[in-house]
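As provided, protein.cif (mmCIF, C-alpha atoms) reads as follows.
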data_my_file
#
loop_
_atom_site.label_atom_id
_atom_site.label_comp_id
_atom_site.auth_asym_id
_atom_site.auth_seq_id
_atom_site.Cartn_x
_atom_site.Cartn_y
_atom_site.Cartn_z
CA MET A 1 194.46 -25.14 155.40
CA ASP A 2 195.28 -23.68 151.99
CA ALA A 3 193.91 -23.71 148.45
CA GLN A 4 195.33 -27.17 147.84
CA GLN A 5 194.00 -28.67 151.07
CA LEU A 6 190.65 -27.27 152.22
CA SER A 7 189.01 -27.88 155.58
CA GLN A 8 186.24 -30.49 155.55
CA ARG A 9 183.73 -27.64 155.90
CA LEU A 10 184.92 -25.72 152.83
CA ALA A 11 185.51 -28.89 150.82
CA THR A 12 181.87 -29.85 151.42
CA VAL A 13 180.72 -26.41 150.27
CA GLY A 14 182.86 -26.85 147.15
CA GLU A 15 181.28 -30.23 146.36
CA PHE A 16 178.00 -28.48 145.60
CA VAL A 17 179.42 -25.96 143.12
CA PRO A 18 178.39 -27.24 139.67
CA LYS A 19 181.20 -28.17 137.28
CA GLY A 20 181.95 -25.28 134.94
CA ALA A 21 180.17 -22.75 137.18
CA ARG A 22 180.86 -19.04 137.25
CA VAL A 23 181.02 -18.59 141.00
CA ALA A 24 181.13 -15.66 143.42
CA ASP A 25 182.49 -16.52 146.86
CA ILE A 26 181.33 -13.79 149.23
CA GLY A 27 183.49 -13.31 152.33
CA SER A 28 186.27 -15.25 150.63
CA ASP A 29 189.16 -14.32 152.96
CA HIS A 30 192.20 -15.98 151.31
CA ALA A 31 190.12 -17.09 148.30
CA TYR A 32 190.93 -20.67 149.28
CA LEU A 33 187.59 -22.05 148.09
CA PRO A 34 187.46 -20.52 144.58
CA ALA A 35 191.20 -21.12 144.16
CA ASN A 36 190.76 -24.79 145.01
CA LEU A 37 187.87 -25.08 142.55
CA ALA A 38 189.94 -23.37 139.84
CA LEU A 39 192.99 -25.56 140.49
CA ASN A 40 190.80 -28.65 140.11
CA HIS A 41 189.20 -27.32 136.90
CA ARG A 42 185.79 -27.24 138.55
CA ILE A 43 184.85 -23.67 137.61
CA SER A 44 185.23 -21.53 134.51
CA TYR A 45 185.39 -18.19 136.36
CA GLY A 46 185.31 -16.93 139.92
CA VAL A 47 185.05 -13.77 142.01
CA ALA A 48 186.43 -13.63 145.54
CA GLY A 49 184.54 -10.87 147.34
CA GLU A 50 185.76 -9.25 150.57
CA VAL A 51 184.49 -6.24 152.47
CA VAL A 52 187.66 -5.83 154.60
CA ALA A 53 190.97 -4.67 153.09
CA GLY A 54 193.19 -7.22 154.87
CA PRO A 55 191.33 -10.34 153.70
CA PHE A 56 190.94 -8.76 150.24
CA HIS A 57 194.71 -8.39 149.92
CA ASN A 58 195.12 -11.96 151.20
CA ALA A 59 192.80 -13.16 148.43
CA GLN A 60 194.60 -11.10 145.82
CA HIS A 61 197.96 -12.49 146.95
CA GLU A 62 196.71 -16.09 146.88
CA ILE A 63 195.26 -15.73 143.38
CA ASN A 64 198.48 -14.22 142.02
CA LYS A 65 200.71 -16.74 143.84
CA LEU A 66 198.83 -19.65 142.28
CA GLY A 67 198.79 -18.09 138.80
CA LEU A 68 194.99 -18.00 138.68
CA SER A 69 194.45 -14.34 137.77
CA ASP A 70 193.08 -15.32 134.35
CA ILE A 71 190.22 -17.24 136.05
CA LEU A 72 189.80 -15.54 139.44
CA THR A 73 189.27 -11.91 140.42
CA ALA A 74 189.42 -10.50 143.95
CA ARG A 75 187.12 -7.56 144.65
CA LEU A 76 186.91 -5.23 147.65
CA ALA A 77 183.16 -4.74 148.01
CA ASP A 78 180.29 -5.12 150.45
CA GLY A 79 178.48 -8.45 150.01
CA LEU A 80 176.90 -9.06 146.63
CA SER A 81 178.24 -5.71 145.38
CA ALA A 82 181.33 -7.74 144.47
CA ILE A 83 179.30 -9.19 141.57
CA GLU A 84 179.24 -7.22 138.32
CA PRO A 85 176.84 -7.94 135.42
CA ALA A 86 179.73 -8.80 133.10
CA ASP A 87 180.75 -11.63 135.45
CA ARG A 88 177.65 -13.65 134.46
CA ILE A 89 177.71 -15.35 137.87
CA ASP A 90 175.45 -18.40 138.14
CA THR A 91 176.52 -19.72 141.57
CA VAL A 92 177.07 -17.90 144.86
CA THR A 93 178.82 -19.36 147.91
CA ILE A 94 178.70 -17.71 151.33
CA ALA A 95 180.39 -19.61 154.15
CA GLY A 96 181.64 -19.02 157.67
CA MET A 97 179.34 -16.29 158.99
CA GLY A 98 176.11 -16.09 160.95
CA GLY A 99 172.73 -16.77 159.39
CA PRO A 100 171.40 -13.24 160.03
CA LEU A 101 174.44 -11.75 158.24
CA ILE A 102 174.02 -14.13 155.30
CA ARG A 103 170.36 -13.13 155.09
CA HIS A 104 171.34 -9.44 155.19
CA ILE A 105 173.87 -9.96 152.37
CA LEU A 106 171.28 -11.72 150.20
CA THR A 107 168.65 -9.06 150.91
CA ALA A 108 170.85 -5.97 150.45
CA ASN A 109 171.52 -6.34 146.71
CA PRO A 110 168.89 -8.68 145.24
CA GLU A 111 169.53 -7.40 141.71
CA ARG A 112 173.02 -8.94 141.87
CA LEU A 113 171.38 -12.37 142.08
CA ALA A 114 169.94 -12.02 138.57
CA GLY A 115 171.11 -15.08 136.65
CA VAL A 116 172.15 -16.92 139.82
CA ASN A 117 170.74 -20.45 139.78
CA ARG A 118 172.40 -21.91 142.86
CA LEU A 119 173.26 -20.74 146.38
CA VAL A 120 175.59 -22.77 148.59
CA LEU A 121 175.38 -21.36 152.10
CA GLU A 122 177.14 -22.34 155.32
CA PRO A 123 175.76 -20.33 158.24
CA ASN A 124 177.59 -20.90 161.53
CA VAL A 125 174.41 -20.08 163.48
CA GLY A 126 170.85 -19.01 162.63
CA GLU A 127 170.23 -21.55 159.89
CA ALA A 128 166.44 -21.12 160.18
CA THR A 129 166.54 -17.47 159.11
CA VAL A 130 168.52 -18.46 156.00
CA ARG A 131 165.99 -21.15 155.09
CA ASP A 132 163.19 -18.64 155.61
CA TRP A 133 164.85 -16.20 153.18
CA LEU A 134 165.21 -19.00 150.62
CA GLN A 135 161.52 -19.91 150.73
CA GLN A 136 160.54 -16.26 150.43
CA HIS A 137 162.66 -15.81 147.30
CA GLN A 138 161.83 -19.03 145.45
CA PHE A 139 165.06 -20.85 146.13
CA LYS A 140 164.31 -24.51 146.81
CA ILE A 141 166.62 -26.41 149.16
CA THR A 142 167.96 -29.34 147.14
CA ALA A 143 170.59 -30.73 149.54
CA GLU A 144 171.91 -30.26 153.06
CA ARG A 145 174.90 -31.56 154.99
CA ILE A 146 175.77 -31.41 158.67
CA LEU A 147 179.30 -32.10 159.88
CA SER A 148 181.51 -31.74 162.93
CA GLU A 149 185.04 -30.37 162.63
CA ASP A 150 187.45 -29.10 165.29
CA GLY A 151 184.73 -29.08 167.94
CA HIS A 152 182.25 -27.09 165.86
CA THR A 153 179.10 -28.20 164.03
CA TYR A 154 178.41 -26.81 160.58
CA GLU A 155 175.39 -27.00 158.27
CA ILE A 156 175.66 -26.56 154.51
CA ILE A 157 172.46 -25.54 152.71
CA VAL A 158 172.20 -25.88 148.92
CA ALA A 159 169.35 -24.11 147.15
CA ASP A 160 168.38 -23.79 143.49
CA LYS A 161 166.21 -21.09 141.91
CA VAL A 162 162.74 -22.35 140.98
CA ALA A 163 159.76 -20.84 139.18
CA THR A 164 157.13 -21.80 141.76
CA PRO A 165 156.76 -20.78 145.43
CA VAL A 166 158.44 -22.88 148.11
CA THR A 167 157.02 -23.44 151.59
CA TYR A 168 158.61 -25.16 154.59
CA THR A 169 157.09 -26.15 157.92
CA ALA A 170 158.36 -24.66 161.19
CA ALA A 171 160.24 -27.91 161.85
CA GLU A 172 161.82 -27.91 158.39
CA LEU A 173 162.95 -24.31 158.82
CA LEU A 174 164.54 -25.08 162.17
CA PHE A 175 166.08 -28.48 161.49
CA GLY A 176 166.37 -28.57 157.69
CA PRO A 177 164.11 -30.48 155.27
CA PHE A 178 166.91 -32.96 154.44
CA LEU A 179 168.64 -33.12 157.82
CA LEU A 180 165.37 -33.69 159.71
CA PRO A 181 164.53 -37.11 158.23
CA GLU A 182 168.19 -38.24 158.27
CA LYS A 183 168.73 -37.53 161.99
CA SER A 184 172.45 -38.27 161.82
CA PRO A 185 174.52 -38.66 165.02
CA VAL A 186 175.98 -35.16 164.48
CA PHE A 187 172.45 -33.76 164.08
CA ILE A 188 171.23 -35.49 167.28
CA ALA A 189 174.25 -34.26 169.28
CA LYS A 190 173.71 -30.69 168.05
CA TRP A 191 170.05 -30.61 169.04
CA GLN A 192 170.68 -32.23 172.42
CA ARG A 193 173.07 -29.35 173.16
CA GLU A 194 170.59 -26.80 171.82
CA LEU A 195 167.79 -28.27 173.94
CA GLN A 196 169.87 -27.84 177.11
CA ARG A 197 170.85 -24.30 176.12
CA THR A 198 167.24 -23.30 175.40
CA GLN A 199 165.97 -24.88 178.63
CA THR A 200 168.58 -22.88 180.57
CA ALA A 201 167.50 -19.69 178.79
CA VAL A 202 163.85 -20.37 179.69
CA SER A 203 164.81 -20.91 183.32
CA HIS A 204 166.58 -17.53 183.40
CA MET A 205 163.65 -15.76 181.73
CA GLN A 206 161.21 -17.26 184.23
CA GLN A 207 163.30 -15.89 187.09
CA ALA A 208 163.29 -12.36 185.71
CA LYS A 209 161.20 -9.73 187.52
CA VAL A 210 159.33 -9.07 184.28
CA ALA A 211 159.31 -12.20 182.13
CA PRO A 212 159.72 -11.46 178.38
CA THR A 213 156.46 -13.11 177.33
CA ALA A 214 157.08 -13.28 173.57
CA ASN A 215 160.63 -14.61 173.96
CA LEU A 216 159.47 -17.13 176.53
CA ALA A 217 156.71 -18.41 174.26
CA ALA A 218 159.14 -18.72 171.32
CA ALA A 219 161.68 -20.59 173.43
CA ASN A 220 159.05 -23.00 174.78
CA ALA A 221 157.79 -23.66 171.24
CA LYS A 222 161.37 -24.40 170.17
CA ILE A 223 161.82 -26.79 173.11
CA GLU A 224 158.66 -28.63 172.13
CA LEU A 225 159.90 -29.04 168.56
CA ILE A 226 163.34 -30.26 169.65
CA GLU A 227 161.94 -32.70 172.20
CA GLY A 228 159.63 -34.12 169.55
CA VAL A 229 162.46 -34.67 167.07
CA LEU A 230 164.78 -36.21 169.66
CA ALA A 231 162.01 -38.50 170.93
CA ASP A 232 161.32 -39.61 167.36
CA ALA A 233 165.03 -40.28 166.82
CA GLY A 234 165.13 -42.52 169.89
CA LYS A 235 162.39 -44.84 168.66
#

Go through the file and emit its structure as structure tokens.
Amino acid sequence: MDAQQLSQRLATVGEFVPKGARVADIGSDHAYLPANLALNHRISYGVAGEVVAGPFHNAQHEINKLGLSDILTARLADGLSAIEPADRIDTVTIAGMGGPLIRHILTANPERLAGVNRLVLEPNVGEATVRDWLQQHQFKITAERILSEDGHTYEIIVADKVATPVTYTAAELLFGPFLLPEKSPVFIAKWQRELQRTQTAVSHMQQAKVAPTANLAAANAKIELIEGVLADAGK
């Protein structure tokens, strides 16, 4: 993979960046995503943010190598601290990390989201906690994708800032308001695996000398939701 040829996962994230956007890619590594968008004249400006020196230098090198330094800037900063007011960022992409970390990044510097109209997020795990953050901060999910690549399943969540409160059901938070009604083969396969994993976890908890009551109740509630969705998909 390079800036000219993205993985299916990153290419799908890029599809949801509006044409002409001023984008900040947080956790950008080699800056492949913003570089690809710049090469294809999809964005007017981009920031590649990295909290670790090695990936930051990789991003810097890639931007310079491709002659994109007039459009793209690499910044060594923690999360949304990579965004400066003068950037006038309207779109933020965060891909390739866990949902809890994405939620932490979004929560840590909320003032840096001023002027941001769209979030394109790809949590590797913990998608529900990301959706919960979105509903709490008036970002409405406008599209979702689920895909399988190299033995891994990825979910892309697209959310736009809205003026009115947003509320999702427990099922929508867990499965995704767009992915839930679609019930694609990739979606079904993911939740069949997750059902087995959760059932195994419940079995282990039940065998413990002191069963963790709250965790057990949460896991059983999750099993009930998954079983309901899979049963509905089989009709």

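The two atoms in question, CA of Val52 in chain A and CA of Gly27 in chain A, are spaced 8.9 Å apart.
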
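Considering the residues A:Glu227, A:Glu172, A:Asp2, A:Glu155 and counting all atoms listed in the file, Leu66 in chain A has its shortest atom-to-atom contact with A:Asp2.
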
Can you turn the PyMOL selection byres ((chain A and resi 144) around 7) into a concrete residue list for this file, as a PDB file with C-alpha atoms, in the frame of the given file?
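And here's part.pdb as it stands now:
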ATOM      1  CA  ALA A 143     170.590 -30.730 149.540  1.00  0.00           C
ATOM      2  CA  ARG A 145     174.900 -31.560 154.990  1.00  0.00           C
ATOM      3  CA  ILE A 146     175.770 -31.410 158.670  1.00  0.00           C
ATOM      4  CA  ILE A 156     175.660 -26.560 154.510  1.00  0.00           C
ATOM      5  CA  ILE A 157     172.460 -25.540 152.710  1.00  0.00           C
ATOM      6  CA  VAL A 158     172.200 -25.880 148.920  1.00  0.00           C
ATOM      7  CA  PHE A 178     166.910 -32.960 154.440  1.00  0.00           C
ATOM      8  CA  LEU A 179     168.640 -33.120 157.820  1.00  0.00           C
TER       9      LEU A 179
END

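Shortest atom-to-atom contact with Gly49 in chain A among A:Arg88, A:Lys19, A:His30, A:Arg197: A:His30, counting all atoms listed in the file.
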
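Excluding Ala95 in chain A itself and same-chain residues fewer than 3 positions from it, the residues having an atom within 7 Å of it are A:Leu121, A:Glu122, A:Pro123, counting only C-alpha atoms.
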
Decode the PyMOL selection byres ((chain A and resi 92) around 12) for the given file into explicit residues and return them as a ChimeraX atom specification. /A:13-14,16-18,21-28,33-34,45-49,79-80,82-83,87-91,93-95,102,105-106,112-122,157-161

So that I have them on file, write out the residues from the current selection with C-alpha atoms, as a tab-separated table (two decimals), in the coordinates of the input.
chain	number	residue	atom	x	y	z
A	13	VAL	CA	180.72	-26.41	150.27
A	14	GLY	CA	182.86	-26.85	147.15
A	16	PHE	CA	178.00	-28.48	145.60
A	17	VAL	CA	179.42	-25.96	143.12
A	18	PRO	CA	178.39	-27.24	139.67
A	21	ALA	CA	180.17	-22.75	137.18
A	22	ARG	CA	180.86	-19.04	137.25
A	23	VAL	CA	181.02	-18.59	141.00
A	24	ALA	CA	181.13	-15.66	143.42
A	25	ASP	CA	182.49	-16.52	146.86
A	26	ILE	CA	181.33	-13.79	149.23
A	27	GLY	CA	183.49	-13.31	152.33
A	28	SER	CA	186.27	-15.25	150.63
A	33	LEU	CA	187.59	-22.05	148.09
A	34	PRO	CA	187.46	-20.52	144.58
A	45	TYR	CA	185.39	-18.19	136.36
A	46	GLY	CA	185.31	-16.93	139.92
A	47	VAL	CA	185.05	-13.77	142.01
A	48	ALA	CA	186.43	-13.63	145.54
A	49	GLY	CA	184.54	-10.87	147.34
A	79	GLY	CA	178.48	-8.45	150.01
A	80	LEU	CA	176.90	-9.06	146.63
A	82	ALA	CA	181.33	-7.74	144.47
A	83	ILE	CA	179.30	-9.19	141.57
A	87	ASP	CA	180.75	-11.63	135.45
A	88	ARG	CA	177.65	-13.65	134.46
A	89	ILE	CA	177.71	-15.35	137.87
A	90	ASP	CA	175.45	-18.40	138.14
A	91	THR	CA	176.52	-19.72	141.57
A	93	THR	CA	178.82	-19.36	147.91
A	94	ILE	CA	178.70	-17.71	151.33
A	95	ALA	CA	180.39	-19.61	154.15
A	102	ILE	CA	174.02	-14.13	155.30
A	105	ILE	CA	173.87	-9.96	152.37
A	106	LEU	CA	171.28	-11.72	150.20
A	112	ARG	CA	173.02	-8.94	141.87
A	113	LEU	CA	171.38	-12.37	142.08
A	114	ALA	CA	169.94	-12.02	138.57
A	115	GLY	CA	171.11	-15.08	136.65
A	116	VAL	CA	172.15	-16.92	139.82
A	117	ASN	CA	170.74	-20.45	139.78
A	118	ARG	CA	172.40	-21.91	142.86
A	119	LEU	CA	173.26	-20.74	146.38
A	120	VAL	CA	175.59	-22.77	148.59
A	121	LEU	CA	175.38	-21.36	152.10
A	122	GLU	CA	177.14	-22.34	155.32
A	157	ILE	CA	172.46	-25.54	152.71
A	158	VAL	CA	172.20	-25.88	148.92
A	159	ALA	CA	169.35	-24.11	147.15
A	160	ASP	CA	168.38	-23.79	143.49
A	161	LYS	CA	166.21	-21.09	141.91

Mind listing whatever residues come within 12 Å of the point (172.5, -26.3, 172.1)? Use only C-alpha atoms, file coordinates, and give them as number ranges by chain. A: 125, 152-153, 187-201, 222-223, 226

Could I get range 33-44 of chain A rebuilt with all heavy atoms, written as a PDB file, in the coordinates of the input?
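Result saved to out24.pdb:
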ATOM      1  N   LEU A  33     188.612 -21.240 148.739  1.00  0.00           N
ATOM      2  CA  LEU A  33     187.590 -22.050 148.090  1.00  0.00           C
ATOM      3  C   LEU A  33     187.591 -21.875 146.569  1.00  0.00           C
ATOM      4  O   LEU A  33     187.724 -22.866 145.827  1.00  0.00           O
ATOM      5  CB  LEU A  33     186.210 -21.757 148.675  1.00  0.00           C
ATOM      6  CG  LEU A  33     185.021 -22.457 148.005  1.00  0.00           C
ATOM      7  CD1 LEU A  33     185.182 -23.976 148.034  1.00  0.00           C
ATOM      8  CD2 LEU A  33     183.711 -22.045 148.662  1.00  0.00           C
ATOM      9  N   PRO A  34     187.438 -20.647 146.039  1.00  0.00           N
ATOM     10  CA  PRO A  34     187.460 -20.520 144.580  1.00  0.00           C
ATOM     11  C   PRO A  34     188.790 -20.931 143.962  1.00  0.00           C
ATOM     12  O   PRO A  34     188.811 -21.471 142.850  1.00  0.00           O
ATOM     13  CB  PRO A  34     187.145 -19.037 144.338  1.00  0.00           C
ATOM     14  CG  PRO A  34     187.423 -18.354 145.632  1.00  0.00           C
ATOM     15  CD  PRO A  34     187.176 -19.357 146.702  1.00  0.00           C
ATOM     16  N   ALA A  35     189.887 -20.709 144.677  1.00  0.00           N
ATOM     17  CA  ALA A  35     191.200 -21.120 144.160  1.00  0.00           C
ATOM     18  C   ALA A  35     191.272 -22.632 144.042  1.00  0.00           C
ATOM     19  O   ALA A  35     191.775 -23.164 143.043  1.00  0.00           O
ATOM     20  CB  ALA A  35     192.316 -20.588 145.053  1.00  0.00           C
ATOM     21  N   ASN A  36     190.770 -23.332 145.050  1.00  0.00           N
ATOM     22  CA  ASN A  36     190.760 -24.790 145.010  1.00  0.00           C
ATOM     23  C   ASN A  36     189.915 -25.287 143.837  1.00  0.00           C
ATOM     24  O   ASN A  36     190.320 -26.210 143.101  1.00  0.00           O
ATOM     25  CB  ASN A  36     190.219 -25.348 146.317  1.00  0.00           C
ATOM     26  CG  ASN A  36     190.131 -26.860 146.332  1.00  0.00           C
ATOM     27  OD1 ASN A  36     189.130 -27.430 145.892  1.00  0.00           O
ATOM     28  ND2 ASN A  36     191.160 -27.536 146.818  1.00  0.00           N
ATOM     29  N   LEU A  37     188.754 -24.678 143.647  1.00  0.00           N
ATOM     30  CA  LEU A  37     187.870 -25.080 142.550  1.00  0.00           C
ATOM     31  C   LEU A  37     188.523 -24.807 141.196  1.00  0.00           C
ATOM     32  O   LEU A  37     188.392 -25.603 140.259  1.00  0.00           O
ATOM     33  CB  LEU A  37     186.540 -24.334 142.652  1.00  0.00           C
ATOM     34  CG  LEU A  37     185.677 -24.684 143.880  1.00  0.00           C
ATOM     35  CD1 LEU A  37     184.507 -23.715 144.002  1.00  0.00           C
ATOM     36  CD2 LEU A  37     185.175 -26.122 143.812  1.00  0.00           C
ATOM     37  N   ALA A  38     189.254 -23.690 141.094  1.00  0.00           N
ATOM     38  CA  ALA A  38     189.940 -23.370 139.840  1.00  0.00           C
ATOM     39  C   ALA A  38     191.100 -24.331 139.595  1.00  0.00           C
ATOM     40  O   ALA A  38     191.291 -24.802 138.459  1.00  0.00           O
ATOM     41  CB  ALA A  38     190.447 -21.928 139.888  1.00  0.00           C
ATOM     42  N   LEU A  39     191.866 -24.636 140.640  1.00  0.00           N
ATOM     43  CA  LEU A  39     192.990 -25.560 140.490  1.00  0.00           C
ATOM     44  C   LEU A  39     192.544 -26.944 140.042  1.00  0.00           C
ATOM     45  O   LEU A  39     193.266 -27.645 139.321  1.00  0.00           O
ATOM     46  CB  LEU A  39     193.753 -25.674 141.822  1.00  0.00           C
ATOM     47  CG  LEU A  39     194.582 -24.465 142.252  1.00  0.00           C
ATOM     48  CD1 LEU A  39     195.069 -24.641 143.684  1.00  0.00           C
ATOM     49  CD2 LEU A  39     195.762 -24.250 141.301  1.00  0.00           C
ATOM     50  N   ASN A  40     191.340 -27.331 140.461  1.00  0.00           N
ATOM     51  CA  ASN A  40     190.800 -28.650 140.110  1.00  0.00           C
ATOM     52  C   ASN A  40     189.901 -28.604 138.874  1.00  0.00           C
ATOM     53  O   ASN A  40     189.171 -29.568 138.599  1.00  0.00           O
ATOM     54  CB  ASN A  40     190.057 -29.233 141.305  1.00  0.00           C
ATOM     55  CG  ASN A  40     191.004 -29.673 142.410  1.00  0.00           C
ATOM     56  OD1 ASN A  40     191.713 -30.663 142.270  1.00  0.00           O
ATOM     57  ND2 ASN A  40     191.035 -28.934 143.510  1.00  0.00           N
ATOM     58  N   HIS A  41     189.954 -27.477 138.148  1.00  0.00           N
ATOM     59  CA  HIS A  41     189.200 -27.320 136.900  1.00  0.00           C
ATOM     60  C   HIS A  41     187.708 -27.540 137.084  1.00  0.00           C
ATOM     61  O   HIS A  41     187.036 -28.094 136.226  1.00  0.00           O
ATOM     62  CB  HIS A  41     189.755 -28.264 135.820  1.00  0.00           C
ATOM     63  CG  HIS A  41     191.244 -28.190 135.659  1.00  0.00           C
ATOM     64  ND1 HIS A  41     191.880 -27.092 135.115  1.00  0.00           N
ATOM     65  CD2 HIS A  41     192.226 -29.056 136.022  1.00  0.00           C
ATOM     66  CE1 HIS A  41     193.186 -27.290 135.121  1.00  0.00           C
ATOM     67  NE2 HIS A  41     193.418 -28.469 135.673  1.00  0.00           N
ATOM     68  N   ARG A  42     187.210 -27.061 138.231  1.00  0.00           N
ATOM     69  CA  ARG A  42     185.790 -27.240 138.550  1.00  0.00           C
ATOM     70  C   ARG A  42     184.957 -26.042 138.111  1.00  0.00           C
ATOM     71  O   ARG A  42     183.745 -26.155 137.957  1.00  0.00           O
ATOM     72  CB  ARG A  42     185.625 -27.451 140.060  1.00  0.00           C
ATOM     73  CG  ARG A  42     186.150 -28.800 140.578  1.00  0.00           C
ATOM     74  CD  ARG A  42     185.147 -29.913 140.336  1.00  0.00           C
ATOM     75  NE  ARG A  42     183.793 -29.518 140.698  1.00  0.00           N
ATOM     76  CZ  ARG A  42     183.347 -29.422 141.953  1.00  0.00           C
ATOM     77  NH1 ARG A  42     184.137 -29.721 142.969  1.00  0.00           N
ATOM     78  NH2 ARG A  42     182.104 -29.041 142.188  1.00  0.00           N
ATOM     79  N   ILE A  43     185.594 -24.878 137.974  1.00  0.00           N
ATOM     80  CA  ILE A  43     184.850 -23.670 137.610  1.00  0.00           C
ATOM     81  C   ILE A  43     185.492 -23.018 136.381  1.00  0.00           C
ATOM     82  O   ILE A  43     186.678 -23.213 136.105  1.00  0.00           O
ATOM     83  CB  ILE A  43     184.786 -22.655 138.775  1.00  0.00           C
ATOM     84  CG1 ILE A  43     186.191 -22.250 139.237  1.00  0.00           C
ATOM     85  CG2 ILE A  43     183.975 -23.228 139.928  1.00  0.00           C
ATOM     86  CD1 ILE A  43     186.220 -21.142 140.276  1.00  0.00           C
ATOM     87  N   SER A  44     184.699 -22.239 135.673  1.00  0.00           N
ATOM     88  CA  SER A  44     185.230 -21.530 134.510  1.00  0.00           C
ATOM     89  C   SER A  44     185.633 -20.102 134.847  1.00  0.00           C
ATOM     90  O   SER A  44     186.429 -19.485 134.127  1.00  0.00           O
ATOM     91  CB  SER A  44     184.193 -21.531 133.387  1.00  0.00           C
ATOM     92  OG  SER A  44     182.974 -20.932 133.819  1.00  0.00           O
TER      93      SER A  44
END
